[in-house]
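This is protein21.cif (mmCIF, C-alpha atoms).
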```cif
data_data
#
loop_
_atom_site.label_atom_id
_atom_site.label_comp_id
_atom_site.auth_asym_id
_atom_site.auth_seq_id
_atom_site.Cartn_x
_atom_site.Cartn_y
_atom_site.Cartn_z
CA MET A 1 205.38 -22.57 72.66
CA ALA A 2 207.00 -19.93 74.87
CA LEU A 3 207.20 -17.54 71.93
CA ILE A 4 203.50 -18.02 71.22
CA ARG A 5 202.65 -17.38 74.88
CA LEU A 6 204.89 -14.29 74.91
CA GLY A 7 203.23 -12.98 71.77
CA PHE A 8 199.79 -13.58 73.26
CA GLU A 9 200.76 -11.73 76.45
CA ARG A 10 202.09 -8.79 74.46
CA GLN A 11 198.90 -8.70 72.41
CA HIS A 12 196.82 -8.83 75.59
CA LEU A 13 198.92 -6.07 77.18
CA CYS A 14 198.52 -3.89 74.08
CA LEU A 15 194.76 -4.42 74.19
CA LEU A 16 194.67 -3.43 77.86
CA LYS A 17 196.67 -0.28 77.10
CA ARG A 18 194.28 0.63 74.29
CA ARG A 19 191.27 0.10 76.55
CA SER A 20 192.88 2.07 79.38
CA SER A 21 193.68 4.88 76.98
CA LEU A 22 190.09 4.89 75.74
CA LEU A 23 188.72 4.87 79.28
CA LEU A 24 191.01 7.75 80.24
CA LYS A 25 189.94 9.82 77.23
CA VAL A 26 186.24 9.13 77.82
CA THR A 27 186.59 10.04 81.49
CA ALA A 28 188.44 13.24 80.61
CA VAL A 29 185.77 14.29 78.09
CA VAL A 30 182.89 13.50 80.47
CA PHE A 31 184.56 15.35 83.35
CA ALA A 32 185.34 18.39 81.20
CA VAL A 33 181.79 18.59 79.83
CA LEU A 34 180.20 18.20 83.27
CA LEU A 35 182.55 20.80 84.73
CA PHE A 36 181.66 23.26 81.98
CA CYS A 37 177.89 22.68 81.85
CA GLU A 38 177.26 22.35 85.60
CA PHE A 39 179.76 24.84 87.06
CA LEU A 40 181.85 27.01 84.75
CA ILE A 41 179.05 28.14 82.43
CA TYR A 42 177.34 29.98 85.31
CA TYR A 43 180.52 31.94 86.07
CA LEU A 44 181.18 32.70 82.39
CA VAL A 45 177.64 33.99 81.79
CA ILE A 46 177.00 35.86 85.07
CA PHE A 47 180.51 37.40 85.00
CA ARG A 48 179.30 39.55 82.09
CA CYS A 49 176.64 41.16 84.31
CA ASP A 50 177.51 44.38 86.09
CA TRP A 51 175.74 46.78 88.43
CA PRO A 52 174.24 49.78 86.63
CA GLU A 53 175.40 53.24 87.58
CA VAL A 54 173.02 55.71 89.18
CA LYS A 55 173.19 59.20 87.68
CA THR A 56 173.09 60.98 91.02
CA PRO A 57 173.27 64.79 90.98
CA ALA A 58 176.37 66.35 92.53
CA HIS A 59 174.52 67.75 95.55
CA ASP A 60 173.29 64.23 96.31
CA SER A 61 176.70 62.62 95.98
CA GLY A 62 176.76 61.82 99.68
CA GLN A 63 173.91 59.32 99.29
CA LYS A 64 174.64 55.65 99.78
CA THR A 65 173.88 53.20 96.98
CA LEU A 66 172.09 49.96 97.74
CA LYS A 67 172.77 46.92 95.55
CA ALA A 68 169.58 44.86 95.30
CA MET A 69 168.75 41.70 93.37
CA PHE A 70 165.16 41.01 92.31
CA LEU A 71 164.04 37.57 91.19
CA ALA A 72 160.69 35.83 90.95
CA ASP A 73 158.80 32.58 90.47
CA THR A 74 161.33 29.96 91.50
CA HIS A 75 158.52 27.35 91.74
CA LEU A 76 160.32 24.68 93.77
CA LEU A 77 158.48 21.47 92.94
CA GLY A 78 156.70 19.50 95.67
CA GLU A 79 155.87 15.87 96.33
CA VAL A 80 152.77 15.75 94.09
CA ARG A 81 153.80 17.24 90.74
CA GLY A 82 157.54 17.05 91.02
CA HIS A 83 159.35 14.18 89.28
CA TRP A 84 162.56 13.48 91.17
CA LEU A 85 164.77 14.00 88.10
CA ASP A 86 163.04 17.26 87.21
CA LYS A 87 163.41 18.50 90.79
CA LEU A 88 167.06 17.47 90.93
CA ARG A 89 167.90 19.21 87.65
CA ARG A 90 165.97 22.45 88.17
CA GLU A 91 167.02 22.92 91.77
CA TRP A 92 170.67 22.30 90.93
CA GLN A 93 170.45 24.92 88.17
CA MET A 94 168.87 27.51 90.49
CA GLU A 95 171.33 26.75 93.28
CA ARG A 96 174.35 27.17 91.02
CA ALA A 97 172.92 30.34 89.45
CA PHE A 98 172.04 31.92 92.80
CA GLN A 99 175.27 31.00 94.58
CA THR A 100 177.37 32.14 91.63
CA SER A 101 175.47 35.44 91.52
CA LEU A 102 176.07 36.01 95.23
CA TRP A 103 179.78 35.30 94.85
CA LEU A 104 180.36 37.39 91.72
CA LEU A 105 177.94 40.29 92.24
CA GLN A 106 177.93 40.68 96.04
CA PRO A 107 174.40 42.08 96.48
CA GLU A 108 173.37 43.57 99.82
CA VAL A 109 169.74 42.45 99.66
CA VAL A 110 167.81 39.91 97.59
CA PHE A 111 164.06 40.18 97.00
CA ILE A 112 162.06 37.17 95.75
CA LEU A 113 158.72 38.25 94.34
CA GLY A 114 156.49 35.29 95.13
CA ASP A 115 155.74 31.74 94.00
CA ILE A 116 158.76 30.43 95.83
CA PHE A 117 157.10 27.02 95.94
CA ASP A 118 154.92 25.28 93.38
CA GLU A 119 152.65 23.39 95.77
CA GLY A 120 152.52 25.53 98.91
CA LYS A 121 148.81 26.11 98.37
CA TRP A 122 148.00 22.46 99.09
CA SER A 123 151.11 20.86 100.63
CA SER A 124 150.88 18.95 103.91
CA SER A 125 152.84 20.02 106.99
CA GLN A 126 155.58 17.47 106.29
CA ALA A 127 155.77 18.34 102.58
CA TRP A 128 155.94 22.03 103.50
CA ALA A 129 158.81 21.40 105.92
CA ASP A 130 160.68 19.43 103.23
CA ASP A 131 160.14 22.19 100.66
CA VAL A 132 161.34 24.86 103.09
CA ALA A 133 164.49 22.86 103.88
CA ARG A 134 165.28 22.58 100.16
CA PHE A 135 164.66 26.30 99.67
CA GLN A 136 167.00 27.19 102.52
CA LYS A 137 169.71 25.01 101.00
CA ILE A 138 169.36 26.40 97.47
CA PHE A 139 169.07 30.05 98.51
CA ARG A 140 171.48 30.01 101.44
CA HIS A 141 173.28 33.31 101.85
CA PRO A 142 175.81 35.04 104.13
CA ARG A 143 174.48 36.84 107.18
CA HIS A 144 175.36 40.23 105.79
CA VAL A 145 173.08 39.63 102.77
CA GLN A 146 169.40 40.14 103.57
CA LEU A 147 166.75 37.98 101.91
CA LYS A 148 163.20 39.35 101.65
CA VAL A 149 160.28 37.37 100.26
CA VAL A 150 156.68 38.17 99.30
CA ALA A 151 153.93 35.57 99.03
CA GLY A 152 152.55 34.33 95.72
CA ASN A 153 149.44 32.38 94.78
CA HIS A 154 151.40 29.11 94.66
CA ASP A 155 152.68 29.74 98.20
CA ILE A 156 149.37 30.43 99.94
CA GLY A 157 146.77 29.85 97.20
CA PHE A 158 144.56 32.20 95.22
CA HIS A 159 142.03 34.24 97.15
CA TYR A 160 139.51 31.39 97.31
CA GLN A 161 142.23 28.98 98.54
CA MET A 162 143.98 31.37 100.92
CA SER A 163 143.63 30.82 104.66
CA THR A 164 145.03 32.28 107.86
CA TYR A 165 146.82 29.00 108.50
CA LYS A 166 148.67 29.11 105.16
CA ILE A 167 149.63 32.75 105.62
CA LYS A 168 150.92 32.17 109.18
CA ARG A 169 152.81 29.11 107.98
CA PHE A 170 154.46 31.19 105.27
CA GLU A 171 155.23 34.11 107.59
CA LYS A 172 156.73 31.80 110.20
CA VAL A 173 159.49 30.95 107.72
CA PHE A 174 159.74 34.28 105.93
CA ASN A 175 159.72 37.53 107.86
CA PRO A 176 156.22 39.08 107.58
CA GLU A 177 157.77 42.57 107.49
CA ARG A 178 155.69 44.72 105.13
CA LEU A 179 157.78 47.89 105.34
CA PHE A 180 161.54 47.54 104.98
CA SER A 181 163.74 50.64 105.25
CA TRP A 182 167.47 50.65 104.65
CA LYS A 183 170.06 53.23 103.55
CA GLY A 184 167.43 55.95 103.34
CA MET A 185 165.07 53.89 101.14
CA ASN A 186 161.65 52.36 101.75
CA PHE A 187 160.43 49.08 100.30
CA VAL A 188 156.79 48.01 100.71
CA LEU A 189 156.22 44.24 100.39
CA VAL A 190 152.57 43.59 99.55
CA ASN A 191 150.59 40.36 99.84
CA SER A 192 148.88 40.92 96.49
CA VAL A 193 146.76 37.75 96.87
CA ALA A 194 144.90 39.55 99.67
CA GLN A 195 144.11 42.60 97.50
CA GLU A 196 140.76 41.17 96.44
CA GLY A 197 138.67 44.04 97.81
CA ASP A 198 135.73 41.85 98.83
CA GLY A 199 135.89 42.64 102.55
CA CYS A 200 137.11 39.20 103.62
CA HIS A 201 138.84 39.05 107.02
CA ILE A 202 142.34 38.53 105.57
CA CYS A 203 141.80 41.20 102.91
CA SER A 204 140.54 43.72 105.47
CA GLU A 205 143.58 43.15 107.68
CA ALA A 206 145.91 43.55 104.69
CA GLU A 207 144.21 46.79 103.65
CA ALA A 208 144.36 48.19 107.19
CA GLU A 209 148.06 47.39 107.34
CA LEU A 210 148.71 49.15 104.03
CA ILE A 211 146.72 52.22 105.15
CA GLU A 212 148.90 52.41 108.27
CA ILE A 213 152.04 52.14 106.12
CA SER A 214 150.64 54.85 103.85
CA HIS A 215 150.17 57.12 106.87
CA LYS A 216 153.77 56.54 107.99
CA LEU A 217 155.11 57.25 104.50
CA ASN A 218 153.04 60.42 104.16
CA CYS A 219 154.30 61.63 107.53
CA SER A 220 157.89 61.02 106.46
CA ARG A 221 157.40 63.48 103.58
CA GLU A 222 156.00 66.25 105.80
CA GLU A 223 157.56 68.50 108.37
CA ARG A 224 156.99 67.35 111.95
CA GLY A 225 154.73 69.37 114.17
CA PRO A 226 151.35 69.23 115.86
CA GLY A 227 148.86 67.15 113.94
CA PRO A 228 148.20 63.56 112.88
CA CYS A 229 151.91 62.89 112.25
CA ARG A 230 152.99 63.82 115.75
CA GLY A 231 154.68 60.82 117.38
CA ALA A 232 154.67 58.77 114.16
CA PRO A 233 157.81 56.64 113.52
CA LEU A 234 160.44 58.55 111.59
CA LEU A 235 160.96 56.94 108.16
CA PRO A 236 163.23 58.01 105.31
CA ALA A 237 161.60 60.71 103.18
CA SER A 238 162.14 58.64 100.04
CA ALA A 239 159.20 57.50 97.90
CA PRO A 240 158.84 53.74 98.32
CA VAL A 241 159.57 50.85 95.96
CA LEU A 242 156.51 48.59 95.74
CA LEU A 243 157.22 44.85 95.60
CA GLN A 244 154.50 42.25 95.04
CA HIS A 245 153.67 39.06 93.17
CA PHE A 246 150.72 40.05 90.96
CA PRO A 247 151.31 42.87 88.48
CA LEU A 248 149.11 45.93 88.67
CA PHE A 249 146.21 46.01 86.25
CA ARG A 250 147.05 45.99 82.56
CA ARG A 251 144.97 44.65 79.72
CA SER A 252 147.59 42.29 78.28
CA ASP A 253 151.27 42.00 77.38
CA ALA A 254 150.61 43.43 73.91
CA ASN A 255 152.97 46.36 74.48
CA CYS A 256 155.76 44.24 75.98
CA SER A 257 158.88 43.51 73.96
CA GLY A 258 162.30 41.96 74.30
CA GLU A 259 163.81 38.51 74.08
CA ASP A 260 162.34 37.46 77.44
CA ALA A 261 158.86 38.91 76.90
CA ALA A 262 155.90 36.56 76.45
CA PRO A 263 155.78 34.67 73.13
CA LEU A 264 154.27 36.73 70.32
CA GLU A 265 151.19 34.52 70.07
CA GLU A 266 150.43 35.07 73.79
CA ARG A 267 150.99 38.82 74.14
CA ALA A 268 147.57 39.88 72.87
CA ILE A 269 145.63 37.47 75.11
CA PRO A 270 143.57 39.59 77.57
CA PHE A 271 144.52 39.27 81.24
CA LYS A 272 141.91 38.26 83.81
CA GLU A 273 141.59 40.62 86.76
CA ARG A 274 142.31 38.99 90.15
CA TYR A 275 143.94 36.05 88.36
CA ASP A 276 146.62 37.29 85.96
CA VAL A 277 146.79 40.84 87.34
CA LEU A 278 145.31 42.82 90.21
CA SER A 279 141.91 44.41 89.69
CA ARG A 280 141.75 47.95 88.37
CA GLU A 281 140.39 49.16 91.73
CA ALA A 282 143.09 47.45 93.82
CA SER A 283 145.79 48.80 91.52
CA GLN A 284 144.50 52.37 91.84
CA GLN A 285 144.31 51.99 95.62
CA LEU A 286 147.93 50.88 95.90
CA LEU A 287 149.10 53.74 93.70
CA TRP A 288 147.08 56.25 95.69
CA TRP A 289 148.00 54.91 99.14
CA LEU A 290 151.71 54.35 98.60
CA ARG A 291 152.69 56.74 95.77
CA PRO A 292 155.62 54.51 94.76
CA ARG A 293 158.46 55.60 92.52
CA LEU A 294 158.99 52.07 91.16
CA ILE A 295 157.05 48.79 91.11
CA LEU A 296 158.46 45.30 90.62
CA SER A 297 156.28 42.21 90.26
CA GLY A 298 156.35 38.60 89.07
CA HIS A 299 153.65 36.02 88.29
CA THR A 300 153.61 36.20 84.47
CA HIS A 301 157.00 34.43 84.10
CA SER A 302 157.84 36.93 81.34
CA ALA A 303 159.40 40.38 81.20
CA CYS A 304 157.46 43.57 80.65
CA GLU A 305 157.76 47.27 81.42
CA VAL A 306 154.68 49.49 81.68
CA LEU A 307 153.84 52.92 83.07
CA HIS A 308 151.00 53.60 85.52
CA GLY A 309 149.28 56.79 86.58
CA ALA A 310 151.63 59.76 86.38
CA GLY A 311 154.44 57.75 84.81
CA VAL A 312 155.20 55.24 87.60
CA PRO A 313 157.17 52.38 86.00
CA GLU A 314 156.40 48.74 86.72
CA ILE A 315 158.89 45.99 85.85
CA SER A 316 157.62 42.42 85.53
CA VAL A 317 160.50 40.16 86.51
CA PRO A 318 160.78 36.90 84.50
CA SER A 319 160.88 33.50 86.18
CA PHE A 320 164.16 32.37 87.73
CA SER A 321 163.47 28.72 86.87
CA TRP A 322 164.48 26.88 83.69
CA ARG A 323 161.27 24.90 84.08
CA ASN A 324 159.35 28.03 83.05
CA ARG A 325 161.80 29.62 80.61
CA ASN A 326 164.70 28.75 78.34
CA ASN A 327 166.35 32.05 79.31
CA PRO A 328 165.75 32.88 83.00
CA SER A 329 167.04 36.16 84.37
CA PHE A 330 166.93 38.51 87.33
CA ILE A 331 167.05 42.26 87.86
CA MET A 332 170.01 44.10 89.37
CA GLY A 333 169.18 47.43 90.97
CA SER A 334 171.54 50.19 92.09
CA MET A 335 169.33 52.36 94.29
CA THR A 336 169.59 55.63 96.18
CA PRO A 337 166.85 57.55 98.06
CA THR A 338 166.24 59.77 95.02
CA ASP A 339 167.20 57.66 92.02
CA TYR A 340 167.74 54.13 90.75
CA ALA A 341 169.19 52.25 87.81
CA LEU A 342 168.18 48.75 86.74
CA ALA A 343 169.91 46.13 84.61
CA LYS A 344 168.99 42.60 83.65
CA CYS A 345 171.29 39.63 84.17
CA TYR A 346 170.57 36.62 81.99
CA LEU A 347 171.38 33.10 83.09
CA PRO A 348 172.73 30.36 80.77
CA TYR A 349 170.34 29.31 78.04
CA GLU A 350 168.96 25.81 78.48
CA ASN A 351 169.42 24.96 74.80
CA THR A 352 173.10 25.97 74.99
CA VAL A 353 173.69 23.40 77.74
CA LEU A 354 171.72 20.72 75.88
CA ALA A 355 173.60 21.42 72.63
CA THR A 356 176.92 21.12 74.47
CA TYR A 357 175.90 17.74 75.86
CA CYS A 358 174.77 16.54 72.40
CA VAL A 359 178.05 17.59 70.78
CA ALA A 360 180.01 15.89 73.56
CA ALA A 361 177.97 12.69 73.16
CA GLY A 362 178.71 12.72 69.41
CA LEU A 363 182.43 13.15 70.06
CA LEU A 364 182.39 10.24 72.51
CA VAL A 365 180.70 7.99 69.92
CA VAL A 366 183.33 8.92 67.32
CA LEU A 367 186.12 8.36 69.85
CA ILE A 368 184.82 4.89 70.76
CA LEU A 369 184.36 3.90 67.09
CA VAL A 370 187.89 5.05 66.21
CA HIS A 371 189.40 3.05 69.08
CA SER A 372 187.33 0.02 68.08
CA GLY A 373 188.62 0.20 64.52
CA LEU A 374 185.11 0.63 63.13
CA LEU A 375 185.89 4.16 61.99
CA PRO A 376 189.18 5.50 60.63
CA SER A 377 190.88 8.19 62.65
CA PRO A 378 189.69 11.63 61.51
CA LEU A 379 193.31 12.86 61.47
CA LEU A 380 194.49 9.88 59.42
CA PHE A 381 191.51 10.21 57.10
CA GLY A 382 192.24 13.90 56.60
CA TRP A 383 195.93 13.26 55.98
CA ASN A 384 195.20 10.56 53.37
CA LEU A 385 192.65 12.82 51.68
CA LEU A 386 195.20 15.65 51.55
CA ARG A 387 197.85 13.36 50.05
CA LYS A 388 195.39 12.10 47.49
CA PHE A 389 194.50 15.68 46.57
CA LYS A 390 198.20 16.59 46.15
CA THR A 391 198.94 13.64 43.86
CA THR A 392 196.08 14.44 41.47
#
```
Is it possible to give me this structure as structure tokens?
Amino acid sequence: MALIRLGFERQHLCLLKRRSSLLLKVTAVVFAVLLFCEFLIYYLVIFRCDWPEVKTPAHDSGQKTLKAMFLADTHLLGEVRGHWLDKLRREWQMERAFQTSLWLLQPEVVFILGDIFDEGKWSSSQAWADDVARFQKIFRHPRHVQLKVVAGNHDIGFHYQMSTYKIKRFEKVFNPERLFSWKGMNFVLVNSVAQEGDGCHICSEAEAELIEISHKLNCSREERGPGPCRGAPLLPASAPVLLQHFPLFRRSDANCSGEDAAPLEERAIPFKERYDVLSREASQQLLWWLRPRLILSGHTHSACEVLHGAGVPEISVPSFSWRNRNNPSFIMGSMTPTDYALAKCYLPYENTVLATYCVAAGLLVVLILVHSGLLPSPLLFGWNLLRKFKTT
């Protein structure tokens, strides 16, 4: 009787060891996969990105280079359209991507080109406060890194939805500064939603503000003396970089190319003025008033590069959210007062992460079946197959 009990205890102990071993292996696999997919993959992918070099002439070698990041269309979900799981997943992805980029790339300034929120155009005061708190957590940054934001149609509404209250609410959180000068460079941040040109109160104020900025920029390019520029604030003599949400007028994305351009079937679809892009008139006004050397915009969620007027390049920055793209990215700019160089930094592909999880789930199923005796060990099966092959 004692021998039977001893045998039973040994059998029970062996079973516990097998189960503990299985639990340990499963835990190790799950931990390793989560660590890779939710942390390490961002470092491995973004580590490959590097700041482009500016080809500055020798006589300009004393100029300082500004490292700037440009991203767009984060679309933080709100209380109406945002499923909690979708919000949790997308916001975690953006937080890890942004924080990893800050740590690895060390930018000096970050520009977000509109549509920060998805429901700012209709959110209540409480919902707005909640969305802002989540944004500040995701896009937190050291004090020495400046964060500049322009408004998009999802933040304050399209022209027919826009109101002074929504604009003031947005500007209370994000600095309403329209002209930002640093290291000898000028950046003009435009509320492109207000570039409707219909004489509305908000539009008229926005136009007057841009005309004043245009005057300051023109004065910075001229020699001081008696005249309209006398007493004007002294700005760097560098042509500005124009930053806004809506792209300038273009007929479609037909001439856009690249792996993060719009899908082929969508590129030839004509754009609607004042909805997909600015009107032709508003675009010409901005080019004439500001005479920019470079334009960066968002809104389309896809990449594109076009030339305006006398060869002024415009870069459409793809969405930073995996909810809008399988391959989000952002632009890295090395900038001086006379030159610039841009490079694109891609974030991890969504399907790569999903494929990793699927492979890991398959391995866990095989591991559990092998430990349960329902499936022979792959190593043992391979060894027996090799022996059988040798004997034949």
Which is closest to Leu147 in chain A among A:Pro337, A:Gln126, A:Met69, A:Ser192, if we use all atoms listed in the file?
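Closest to Leu147 in chain A, using all atoms listed in the file: A:Met69.
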Can you measure CA of Leu104 in chain A to CA of Asp86 in chain A for me? One decimal in Å is fine.
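Separation between CA of Leu104 in chain A and CA of Asp86 in chain A: 26.9 Å.
Straight-line separation from CA of Phe135 in chain A to CA of Ala32 in chain A: 28.8 Å.
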Just want the 8 Å neighbourhood of Pro328 in chain A, counted on all atoms listed in the file, with same-chain residues fewer than 6 positions away dropped. Output as a count of residues only.
10
Chain and number of each residue from the PyMOL selection byres ((chain A and resi 311) around 12), as an MDAnalysis selection string
chainID A and resid 287 291:295 305:310 312:314
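Minimum distance to Arg169 in chain A across A:Ser124, A:Gly184, A:Ala208, A:Phe330 (counting all atoms listed in the file) occurs at A:Ser124.
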Near Glu281 in chain A, counting only C-alpha atoms, which residues have an atom at most 9 Å away, once you skip same-chain residues fewer than 5 positions from it, shown as an MDAnalysis selection string?
chainID A and resid 197 249 286
Excluding same-chain residues fewer than 5 positions from Phe158 in chain A, what lies within 8 Å of it counting all atoms listed in the file, as number ranges by chain?
A: 153, 193, 275
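Our summary of the geometry notes that CA of Ala262 in chain A is positioned 10.9 Å from CA of Ser316 in chain A.
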Given the point (146.2, 39.5, 91.2) in the file's coordinates, find the residues that have an atom at most 8 Å from it, counting all atoms listed in the file, and give them as an MDAnalysis selection string.
chainID A and resid 192:193 195:196 245:248 273:279
Selection: 10 Å around Ser238 in chain A, all atoms listed in the file, excl. self and same-chain fewer than 3 positions, as a VMD selection string:
chain A and resid 181 184 to 187 217 220 to 221 235 241 292 to 293 336 to 339
To verify the selection step, state as number ranges by chain which residues the PyMOL selection byres ((chain A and resi 100) around 12) yields on this input.
A: 38-47, 49, 92-99, 101-107, 138-141, 347-348
My list of candidates is A:Ala282, A:Leu66, A:Ala268, A:Leu189. Which is closest to Arg251 in chain A when distances are computed with only C-alpha atoms?
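Looking at the shortest contact to Arg251 in chain A, the residue is A:Ala268.
For the residues A:Thr27, A:Ser334, A:Asn327, A:Ser252, ranking by smallest atom-to-atom distance to Thr300 in chain A using all atoms listed in the file places A:Ser252 first.
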Name every residue that the PyMOL selection byres ((chain A and resi 174) around 9) selects in this structure, writing the answer as a list of chain:residue names with chains first and numbers rising.
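This file, filtered by the PyMOL selection byres ((chain A and resi 174) around 9), leaves A:Leu147, A:Lys148, A:Val149, A:Val150, A:Arg169, A:Phe170, A:Glu171, A:Lys172, A:Val173, A:Asn175, A:Pro176, A:Glu177.
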Using only C-alpha atoms, please write the residues we just selected to a file, as a short mmCIF file (atom, residue, chain, number, x, y, z; two decimals), keeping the file's coordinate frame.
```
data_model
loop_
_atom_site.label_atom_id
_atom_site.label_comp_id
_atom_site.auth_asym_id
_atom_site.auth_seq_id
_atom_site.Cartn_x
_atom_site.Cartn_y
_atom_site.Cartn_z
CA LEU A 147 166.75 37.98 101.91
CA LYS A 148 163.20 39.35 101.65
CA VAL A 149 160.28 37.37 100.26
CA VAL A 150 156.68 38.17 99.30
CA ARG A 169 152.81 29.11 107.98
CA PHE A 170 154.46 31.19 105.27
CA GLU A 171 155.23 34.11 107.59
CA LYS A 172 156.73 31.80 110.20
CA VAL A 173 159.49 30.95 107.72
CA ASN A 175 159.72 37.53 107.86
CA PRO A 176 156.22 39.08 107.58
CA GLU A 177 157.77 42.57 107.49
#
```
Find the residue from A:Gly157, A:Pro236, A:Pro52, A:Gly114 that sits nearest to Asp73 in chain A; use only C-alpha atoms when measuring.
A:Gly114
If we count all atoms listed in the file and set the cut-off at 12 Å, which residues sit around Cys229 in chain A, ignoring sequence neighbours fewer than 5 positions away in its own chain? Please answer as a PyMOL selection string.
chain A and resi 212+214-224+234-235
Just checking: using all atoms listed in the file, which residue out of A:Trp51, A:Gly362, A:His371, A:Ala151 ends up closest to Lys344 in chain A?
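Closest candidate: A:Trp51.
With only the atoms specified (only C-alpha atoms) counting, those residues at most 7 Å away from (187.8, 4.3, 73.4) are A:Arg19, A:Ser21, A:Leu22, A:Leu23, A:Val26, A:Leu367, A:Ile368, A:His371, A:Ser372.
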Produce a file of the selected residues containing C-alpha atoms, as an mmCIF file, keeping the file's coordinate frame.
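After the write, part19.cif holds the following:
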```cif
data_model
loop_
_atom_site.group_PDB
_atom_site.id
_atom_site.type_symbol
_atom_site.label_atom_id
_atom_site.label_comp_id
_atom_site.auth_asym_id
_atom_site.auth_seq_id
_atom_site.Cartn_x
_atom_site.Cartn_y
_atom_site.Cartn_z
ATOM 1 C CA ARG A 19 191.270 0.100 76.550
ATOM 2 C CA SER A 21 193.680 4.880 76.980
ATOM 3 C CA LEU A 22 190.090 4.890 75.740
ATOM 4 C CA LEU A 23 188.720 4.870 79.280
ATOM 5 C CA VAL A 26 186.240 9.130 77.820
ATOM 6 C CA LEU A 367 186.120 8.360 69.850
ATOM 7 C CA ILE A 368 184.820 4.890 70.760
ATOM 8 C CA HIS A 371 189.400 3.050 69.080
ATOM 9 C CA SER A 372 187.330 0.020 68.080
#
```
